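Shown next: work.cif, containing mmCIF, C-alpha atoms and all ligand atoms.
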data_upload
#
loop_
_atom_site.label_atom_id
_atom_site.label_comp_id
_atom_site.auth_asym_id
_atom_site.auth_seq_id
_atom_site.Cartn_x
_atom_site.Cartn_y
_atom_site.Cartn_z
CA MET A 503 0.00 0.00 0.00
CA SER A 504 1.44 3.42 -0.88
CA ALA A 505 1.95 5.84 1.97
CA ASP A 506 -0.44 8.45 0.66
CA ARG A 507 -3.33 6.08 1.14
CA PHE A 508 -2.76 5.67 4.87
CA ARG A 509 -5.40 7.27 7.00
CA VAL A 510 -4.43 9.14 10.16
CA PHE A 511 -6.74 10.49 12.83
CA VAL A 512 -5.71 13.51 14.91
CA ALA A 513 -7.61 13.17 18.17
CA ARG A 514 -7.36 16.79 19.38
CA ALA A 515 -6.97 20.28 17.97
CA ILE A 516 -3.37 20.94 16.94
CA PHE A 517 -1.35 23.64 15.19
CA PRO A 518 -2.74 24.12 11.64
CA GLU A 519 0.77 23.87 10.12
CA VAL A 520 1.25 20.46 11.72
CA LEU A 521 -2.10 19.32 10.38
CA ASP A 522 -1.05 20.58 6.94
CA LYS A 523 2.22 18.65 7.20
CA LEU A 524 0.34 15.45 8.00
CA GLY A 525 -1.99 16.20 5.11
CA ARG A 526 0.96 16.16 2.71
CA HIS A 527 1.56 12.50 3.59
CA PHE A 528 -1.75 11.02 4.63
CA GLU A 529 -5.46 11.21 4.35
CA VAL A 530 -6.13 13.08 7.58
CA GLN A 531 -9.23 13.35 9.69
CA SER A 532 -9.04 15.49 12.75
CA ASN A 533 -10.94 16.67 15.78
CA GLN A 534 -9.88 20.26 15.11
CA ALA A 535 -13.03 21.44 16.92
CA ASP A 536 -11.47 19.79 19.99
CA ARG A 537 -14.71 18.04 21.00
CA LEU A 538 -14.43 15.82 24.07
CA MET A 539 -14.85 12.33 22.65
CA THR A 540 -16.14 9.23 24.38
CA PRO A 541 -14.12 6.02 23.88
CA GLU A 542 -16.90 4.82 21.57
CA GLU A 543 -16.58 7.94 19.38
CA MET A 544 -12.82 7.54 19.34
CA ARG A 545 -13.19 3.95 18.17
CA ALA A 546 -15.55 5.06 15.41
CA CYS A 547 -13.09 7.74 14.27
CA LEU A 548 -10.26 5.21 14.15
CA GLN A 549 -11.98 2.74 11.82
CA GLY A 550 -9.64 2.19 8.88
CA ALA A 551 -6.97 4.47 10.39
CA SER A 552 -3.34 3.34 10.40
CA GLY A 553 -2.17 6.02 12.78
CA VAL A 554 -3.49 8.23 15.51
CA PHE A 555 -2.08 11.47 16.90
CA THR A 556 -2.93 11.61 20.60
CA THR A 557 -2.24 13.91 23.51
CA GLY A 558 -1.88 12.70 27.07
CA SER A 559 -5.68 12.80 27.43
CA GLU A 560 -6.70 9.95 25.11
CA ARG A 561 -6.64 6.43 26.49
CA VAL A 562 -5.29 3.69 24.21
CA ASP A 563 -6.07 0.30 25.73
CA ALA A 564 -6.85 -3.29 24.78
CA PRO A 565 -10.57 -2.72 24.00
CA LEU A 566 -9.73 0.20 21.71
CA LEU A 567 -6.98 -1.78 19.98
CA ALA A 568 -9.26 -4.78 19.50
CA ALA A 569 -11.89 -2.53 17.94
CA CYS A 570 -9.39 -0.83 15.60
CA PRO A 571 -7.41 -3.60 13.88
CA SER A 572 -6.03 -1.31 11.16
CA LEU A 573 -4.10 0.77 13.72
CA ARG A 574 -0.29 0.56 13.51
CA ILE A 575 0.95 3.57 15.45
CA CYS A 576 -0.22 5.88 18.26
CA ALA A 577 1.92 9.03 18.44
CA ASN A 578 1.61 10.93 21.72
CA MET A 579 2.26 14.66 21.84
CA ALA A 580 3.61 14.25 25.38
CA VAL A 581 6.67 12.76 27.00
CA GLY A 582 4.45 10.96 29.52
CA TYR A 583 2.47 8.03 28.15
CA ASN A 584 0.42 6.71 31.03
CA ASN A 585 -2.57 7.07 28.69
CA PHE A 586 -1.11 4.14 26.73
CA ASP A 587 -1.44 0.52 27.81
CA LEU A 588 1.96 -0.21 26.28
CA PRO A 589 1.96 -3.99 26.86
CA ALA A 590 -1.45 -4.21 25.14
CA MET A 591 -0.12 -2.13 22.25
CA THR A 592 2.94 -4.35 21.91
CA ALA A 593 0.76 -7.46 22.00
CA ALA A 594 -1.36 -5.96 19.22
CA GLY A 595 1.74 -5.02 17.20
CA VAL A 596 0.94 -1.32 17.54
CA LEU A 597 3.83 1.10 17.96
CA GLY A 598 3.67 3.83 20.59
CA THR A 599 5.79 6.97 20.37
CA ASN A 600 6.17 9.88 22.77
CA ALA A 601 7.67 13.39 22.56
CA PRO A 602 10.74 13.54 24.79
CA ASP A 603 13.61 16.07 24.89
CA VAL A 604 11.93 18.95 23.07
CA LEU A 605 10.04 19.93 26.25
CA THR A 606 12.74 19.35 28.87
CA GLU A 607 14.05 22.87 29.41
CA THR A 608 10.66 24.59 29.10
CA THR A 609 9.12 22.21 31.63
CA ALA A 610 12.03 22.66 34.03
CA ASP A 611 11.65 26.45 33.75
CA PHE A 612 8.03 26.09 34.78
CA GLY A 613 8.79 23.77 37.69
CA PHE A 614 11.27 26.30 38.93
CA ALA A 615 8.71 29.09 38.54
CA LEU A 616 6.15 27.10 40.56
CA MET A 617 8.73 26.55 43.30
CA LEU A 618 9.52 30.26 43.44
CA ALA A 619 5.85 31.23 43.31
CA ALA A 620 4.91 28.85 46.12
CA ALA A 621 7.91 29.63 48.34
CA ARG A 622 7.67 33.41 47.86
CA ARG A 623 3.84 33.44 48.01
CA ILE A 624 3.46 35.20 44.67
CA SER A 625 -0.09 34.09 43.76
CA GLU A 626 -1.36 34.59 47.29
CA SER A 627 0.02 38.12 47.55
CA GLU A 628 -1.24 39.07 44.09
CA ARG A 629 -4.76 37.94 45.03
CA PHE A 630 -4.53 40.11 48.16
CA LEU A 631 -3.39 43.11 46.14
CA ARG A 632 -6.05 42.68 43.44
CA ALA A 633 -8.71 42.41 46.12
CA GLY A 634 -7.78 45.93 47.27
CA LEU A 635 -6.57 44.70 50.67
CA TRP A 636 -3.10 46.33 50.59
CA GLU A 637 -3.15 49.26 52.99
CA ARG A 638 0.49 49.60 54.07
CA TRP A 639 3.89 47.94 54.19
CA ARG A 640 4.38 45.51 57.06
CA TYR A 641 7.54 43.72 58.21
CA ASP A 642 6.10 40.24 57.72
CA LEU A 643 3.68 40.86 54.84
CA PHE A 644 3.73 37.62 52.80
CA ALA A 645 7.14 36.72 54.18
CA GLY A 646 7.86 33.30 52.73
CA ALA A 647 10.78 30.90 52.37
CA ASP A 648 14.06 31.52 50.63
CA VAL A 649 15.01 29.49 47.58
CA HIS A 650 18.63 30.47 46.91
CA GLY A 651 21.12 28.52 48.97
CA LYS A 652 18.45 26.07 50.22
CA THR A 653 18.14 22.34 49.59
CA MET A 654 16.26 21.31 46.49
CA GLY A 655 14.94 17.74 46.55
CA ILE A 656 14.06 16.12 43.25
CA LEU A 657 11.94 12.99 43.08
CA GLY A 658 12.38 11.51 39.62
CA MET A 659 15.77 12.23 38.08
CA GLY A 660 15.05 11.88 34.38
CA ARG A 661 15.79 14.59 31.83
CA ILE A 662 13.46 17.15 33.43
CA GLY A 663 14.69 16.37 36.96
CA ARG A 664 18.26 16.88 35.83
CA ALA A 665 17.38 20.18 34.12
CA LEU A 666 15.83 21.34 37.41
CA ALA A 667 18.96 20.29 39.27
CA ARG A 668 21.17 22.34 36.95
CA ARG A 669 19.01 25.40 37.51
CA GLY A 670 19.05 24.97 41.29
CA ALA A 671 22.76 24.25 41.67
CA ARG A 672 24.15 26.63 39.06
CA GLY A 673 21.60 29.44 39.10
CA PHE A 674 20.50 29.61 42.71
CA GLY A 675 23.43 28.11 44.61
CA MET A 676 21.21 25.34 45.97
CA ARG A 677 22.29 22.03 47.41
CA VAL A 678 20.57 19.45 45.21
CA VAL A 679 19.53 16.03 46.45
CA TYR A 680 17.51 13.50 44.51
CA HIS A 681 15.83 10.15 44.68
CA ASN A 682 15.23 7.95 41.68
CA ARG A 683 14.39 4.30 41.03
CA ASN A 684 17.94 3.90 39.76
CA ARG A 685 20.82 5.96 40.99
CA LEU A 686 22.43 8.07 38.23
CA ASN A 687 25.86 7.14 36.98
CA PRO A 688 28.65 9.32 38.47
CA ASP A 689 29.00 11.43 35.30
CA LEU A 690 25.35 12.41 35.32
CA GLU A 691 25.44 13.03 39.08
CA GLU A 692 28.36 15.37 38.58
CA GLU A 693 26.75 17.14 35.64
CA SER A 694 23.59 17.65 37.71
CA ALA A 695 25.57 18.58 40.84
CA ALA A 696 23.16 16.29 42.69
CA GLN A 697 23.56 13.84 45.54
CA TYR A 698 21.50 10.63 45.79
CA LEU A 699 19.42 10.03 48.92
CA PRO A 700 16.92 7.36 49.89
CA LEU A 701 13.33 8.64 49.75
CA ASP A 702 12.98 9.26 53.49
CA GLY A 703 16.25 11.24 53.53
CA LEU A 704 15.07 13.29 50.57
CA LEU A 705 11.79 14.11 52.29
CA ARG A 706 13.51 15.11 55.52
CA GLU A 707 16.22 17.24 53.94
CA ALA A 708 14.41 19.05 51.13
CA ASP A 709 13.39 22.66 51.67
CA HIS A 710 11.72 22.46 48.27
CA LEU A 711 10.60 19.10 46.93
CA LEU A 712 9.98 18.80 43.20
CA VAL A 713 8.06 15.76 42.01
CA VAL A 714 8.81 14.82 38.42
CA LEU A 715 7.77 11.16 38.38
CA PRO A 716 5.65 9.65 35.64
CA TYR A 717 2.42 7.97 36.74
CA SER A 718 2.12 4.19 36.94
CA GLU A 719 0.68 1.70 39.41
CA SER A 720 4.05 1.73 41.15
CA THR A 721 4.19 5.53 41.54
CA HIS A 722 0.54 5.89 42.61
CA HIS A 723 0.46 8.05 45.78
CA ARG A 724 4.24 7.87 46.15
CA ILE A 725 3.79 11.05 48.17
CA GLY A 726 1.00 10.40 50.66
CA ALA A 727 0.22 11.26 54.27
CA ALA A 728 3.20 9.32 55.69
CA GLU A 729 5.66 10.97 53.30
CA LEU A 730 4.25 14.45 53.93
CA ARG A 731 4.71 13.88 57.67
CA CYS A 732 8.46 13.46 57.05
CA MET A 733 8.79 16.89 55.42
CA LYS A 734 9.81 20.14 57.10
CA PRO A 735 6.99 22.46 58.22
CA THR A 736 8.69 25.19 56.18
CA ALA A 737 8.92 23.04 53.04
CA THR A 738 7.22 23.53 49.69
CA LEU A 739 6.13 20.74 47.38
CA VAL A 740 5.86 21.09 43.61
CA ASN A 741 4.25 18.50 41.33
CA ILE A 742 4.95 18.79 37.59
CA GLY A 743 5.10 15.00 37.07
CA ARG A 744 1.62 13.50 36.93
CA GLY A 745 -1.57 13.64 38.90
CA GLY A 746 -1.92 10.66 41.20
CA VAL A 747 1.77 10.51 42.12
CA VAL A 748 0.85 12.85 44.98
CA ASP A 749 -2.19 11.98 47.10
CA ASP A 750 -4.03 15.29 46.70
CA SER A 751 -6.36 14.66 49.69
CA ALA A 752 -3.39 14.05 51.97
CA LEU A 753 -1.73 17.16 50.54
CA VAL A 754 -4.80 19.28 51.31
CA GLN A 755 -4.63 18.07 54.93
CA ALA A 756 -0.89 18.78 55.15
CA LEU A 757 -1.30 22.29 53.72
CA ARG A 758 -4.29 23.00 55.92
CA SER A 759 -2.63 21.84 59.13
CA GLY A 760 0.72 23.52 58.45
CA GLN A 761 2.55 20.21 58.15
CA ILE A 762 4.20 21.75 55.09
CA ALA A 763 4.19 25.45 54.17
CA ALA A 764 3.11 25.62 50.55
CA ALA A 765 2.67 23.79 47.26
CA GLY A 766 2.73 24.44 43.54
CA LEU A 767 0.74 22.05 41.40
CA ASP A 768 0.46 21.77 37.63
CA VAL A 769 -0.99 18.24 37.58
CA PHE A 770 -3.84 16.73 39.59
CA GLU A 771 -5.55 13.46 40.37
CA GLY A 772 -8.55 13.19 38.04
CA GLU A 773 -7.72 16.43 36.18
CA PRO A 774 -9.24 18.58 34.81
CA ARG A 775 -11.28 18.21 38.00
CA LEU A 776 -9.49 19.18 41.19
CA ASN A 777 -9.80 18.14 44.78
CA PRO A 778 -12.10 20.97 45.95
CA GLY A 779 -10.05 21.36 49.12
CA LEU A 780 -7.19 22.75 47.03
CA LEU A 781 -9.27 25.67 45.80
CA ASP A 782 -9.91 26.94 49.32
CA LEU A 783 -6.27 26.98 50.37
CA PRO A 784 -4.26 30.21 50.12
CA ASN A 785 -0.88 28.48 50.22
CA VAL A 786 -1.07 26.52 46.98
CA VAL A 787 -0.32 27.77 43.48
CA LEU A 788 -2.50 25.99 40.92
CA THR A 789 -1.94 25.88 37.15
CA PRO A 790 -3.82 23.85 34.48
CA HIS A 791 -1.15 21.39 33.23
CA ILE A 792 0.84 23.99 31.31
CA ALA A 793 4.44 23.20 32.29
CA SER A 794 5.41 22.48 28.68
CA ALA A 795 3.24 25.27 27.30
CA SER A 796 5.58 27.72 25.66
CA GLN A 797 4.60 28.40 22.04
CA PRO A 798 7.86 27.03 20.55
CA THR A 799 7.87 23.93 22.75
CA ARG A 800 4.27 22.95 22.12
CA LEU A 801 4.93 23.40 18.38
CA ALA A 802 8.06 21.24 18.62
CA MET A 803 6.12 18.55 20.51
CA ALA A 804 3.40 18.53 17.84
CA HIS A 805 6.00 18.31 15.04
CA LEU A 806 7.73 15.42 16.79
CA ALA A 807 4.47 13.48 17.12
CA ALA A 808 3.70 14.16 13.45
CA ASP A 809 7.23 13.16 12.40
CA ASN A 810 6.82 9.89 14.26
CA LEU A 811 3.67 9.15 12.25
CA ILE A 812 5.36 10.12 8.99
CA GLY A 813 8.61 8.32 9.81
CA TYR A 814 6.92 5.08 10.76
CA LEU A 815 4.12 4.85 8.23
CA THR A 816 6.17 6.01 5.24
CA LEU A 817 9.64 4.61 6.03
CA GLY A 818 9.21 2.22 8.97
CA LYS A 819 11.47 4.55 10.97
CA PRO A 820 9.87 6.33 13.94
CA LEU A 821 11.99 8.87 15.80
CA THR A 822 11.10 8.11 19.41
CA PRO A 823 9.58 4.64 19.70
CA LEU A 824 8.43 3.40 23.11
CA ASN A 825 8.08 -0.29 22.21
CA PRO A 826 10.70 -0.82 19.48
CA GLU A 827 10.18 -4.57 19.76
CA VAL A 828 7.18 -3.99 17.48
CA LEU A 829 9.59 -2.83 14.78
CA VAL A 830 11.52 -6.08 14.94
CA VAL A 831 8.39 -8.20 14.68
CA ARG A 832 7.16 -6.36 11.59
C1 LIG B 901 1.63 17.68 27.81
C2 LIG B 901 2.95 16.47 29.64
O1 LIG B 901 1.31 18.98 27.53
O2 LIG B 901 4.49 15.78 28.01
C3 LIG B 901 3.85 15.49 29.00
O3 LIG B 901 3.92 14.35 29.52
O4 LIG B 901 2.49 16.28 30.69
C4 LIG B 901 2.63 17.75 28.93
O5 LIG B 901 3.81 18.30 28.44
C5 LIG B 901 0.36 16.91 28.07
O6 LIG B 901 0.58 15.61 28.44
C6 LIG B 901 -0.56 16.95 26.85
O7 LIG B 901 -0.14 16.07 25.86
#
How does the structure come out when it is put into C-alpha cells?
Amino acid sequence: MSADRFRVFVARAIFPEVLDKLGRHFEVQSNQADRLMTPEEMRACLQGASGVFTTGSERVDAPLLAACPSLRICANMAVGYNNFDLPAMTAAGVLGTNAPDVLTETTADFGFALMLAAARRISESERFLRAGLWERWRYDLFAGADVHGKTMGILGMGRIGRALARRGARGFGMRVVYHNRNRLNPDLEEESAAQYLPLDGLLREADHLLVVLPYSESTHHRIGAAELRCMKPTATLVNIGRGGVVDDSALVQALRSGQIAAAGLDVFEGEPRLNPGLLDLPNVVLTPHIASASQPTRLAMAHLAADNLIGYLTLGKPLTPLNPEVLVVR
C-alpha cells in the first residue's frame, strides 16, 4: 500500500501547520473542533486508520486496539504516556511513540517558577493586592521561604529532573539532592551537581521538593500522608510530574494543618477536575497542566508526534519509539 493512502486520525486540535504537514503524507481526519470524545466515538473515528495522533488525554487500551485492527501507530504529543497501555499495544503489534527532549528545558523552567511562586507566596500576595486589601507595608507581609542557597529535593531524576537540578545548583546556589528508582551514573550526578538520597532522607532534607515522576501503578500516591509527615513544616512541594503521584487529599490536609508550608501544582488526580479542598487553600499555586506550554515547545512537541507518524508509516522509521520490539516483529 502506498503511503499516501494511509489514513491518520488527529484526536485533538493541533497547530494548523502540523495538520497541513500530516496532510501532505496522509489522508487526515481530525478533531480540530477539539470536542471531548467518548471512547466509543474515538473507536468510530479510528476505523480504517493506520495512525493516531494523541495527547496525554486519550486512552489507548486493549478494547480500543481490538476494535481498531487497522491501527499501527499511536503518536503521543507528550513525554508521559500513562494514557497508553503499552503492553497491550505491543501485544497488538501497535507502535507507541512519545515526545521527549523537546520539552525538557521549558518544563524545568516552569517547575522552577512554581517553586519560586509557592515559596515566595506570589499568587497569594497578588490575590490580596487585586482584592484591594493592601493598605500599608508591614515587616512580615507575605514573608515566605528563601530558595537560593536552600536544599532542592528532586523525586524523579530523568531529563526534566536533571534540568531542574542544573538550575538549582548553578543558578541559585542550591544544594541538590535526589531520589530515583535507579541511581544516576557518576558522570550524570556530577553534571547535575546532585547527591542521591533514599526517599525518606530526601523528604527530611528538602526545603523544596519537586516531584517529576511519571504515573504508573508503582508511583501511585508515592507522596501520601506518611511521606508528607516526614517533610519540614517550612517546606514547599511542587508536582509537575503526573496527577496521582501525589495523594491530593493528603496534601490538602498537610497544607491545611501547616505540616508543610506551601505547594505548587500543575498536575492533579482526576484532572481537569481538582480536589475541591485545594481551591480553598491560600498556600497553593494551581496551574492547568501547562508546564510544557511555551509556544515554541508545544509546536516542537506537535511536530515530533507528526514526524513519528510520517517516519513510521512512510519509512518504517519512527523517531522516538516506546516499544521498538514492534519494529523487529514487523
Ligand atoms: C503535555 C505532559 O502537555 O508531556 C507530558 O507528559 O504532561 C505535557 O507536556 C500533556 O501531556 C498533553 O499532551
_Just want the 8 Å neighbourhood of range 758-773 of chain A, counted on only C-alpha atoms, with same-chain residues fewer than 6 positions away dropped. Output as a ChimeraX atom specification._
/A:616-617,619-621,730-731,733-746,748-750,783,785-793
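Using all atoms listed in the file, residues with at least one atom at most 8 Å away from any atom of ligand LIG 901 (chain B) are Thr556, Thr557, Gly558, Ser559, Asn578, Met579, Ala580, Val581, Gly582, Tyr583, Ala601, Pro602, Leu605, Thr609, Pro716, Ile742, Gly743, Arg744, Val769, His791, Ile792, Ala793, Ser794, Ala795 and Arg800 of chain A.
Interatomic distance, CA of Lys652 in chain A to CA of Arg669 in chain A: 12.7 Å.
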*Residues around (25.9, 12.4, 33.3), cut-off 12 Å, counting all atoms listed in the file - what are they as JSON, numbers by chain?*
{"A": [659, 660, 661, 664, 665, 668, 685, 686, 687, 688, 689, 690, 691, 692, 693, 694, 695, 696]}
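Note that the spacing between CA of Phe614 in chain A and CA of Leu666 in chain A amounts to 6.9 Å.
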*Might you pull out every residue within 8 Å of Gln549 in chain A, with all atoms listed in the file counted and same-chain residues fewer than 4 positions away left off, and present them as JSON, numbers by chain?*
{"A": [545, 570, 572]}
Kindly provide, as JSON, the centre and edge lengths (Å, one decimal) of an axis-aligned box around all atoms of range 600-611 of chain A given in the file, with 4 Å on each side.
{"center_x": 10.1, "center_y": 18.2, "center_z": 28.3, "size_x": 15.9, "size_y": 24.6, "size_z": 19.5}
*Take the point (0.9, 2.5, 26.8) as written in the file and pick out every residue within 9 Å of it, counting all atoms listed in the file; give the list as an MDAnalysis selection string.*
chainID A and resid 561:563 583:592 598 824:825
*For each of A:Gly646, A:Gly550, A:Pro541, A:Gly658, take the minimum atom-to-atom distance to Phe508 in chain A, counting only C-alpha atoms, then give the residue where this is smallest.*
A:Gly550
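Here CA of Gly651 in chain A and CA of Arg672 in chain A stand 10.5 Å from one another.
Distance annotation: of A:Ile516, A:Ala802, A:Val747, A:Leu657, the residue with the minimal separation from Glu719 in chain A is A:Val747; atom set is all atoms listed in the file.
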*asked:* Which residues are near His527 in chain A? Cut-off 12 Å, all atoms listed in the file, ignore same chain within fewer than 3 positions. Put them as a list in words.
replied: Ser504, Ala505, Asp506, Arg507, Phe508, Arg509, Val510, Val520, Leu521, Asp522, Lys523, Leu524, Val530, Gly553, Ala808, Asp809, Leu811, Ile812, Gly813, Tyr814, Leu815, Thr816 and Leu817 of chain A
_Residues within 8 Å of range 704-706 of chain A, all atoms listed in the file, excluding chain neighbours under 3 positions, as an MDAnalysis selection string_ = chainID A and resid 655:656 679:681 699:701 711 729:730 732:734
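Closest approach to Ala615 in chain A among A:Ala535, A:Val554, A:Val649, A:Cys576: A:Val649, based on only C-alpha atoms.
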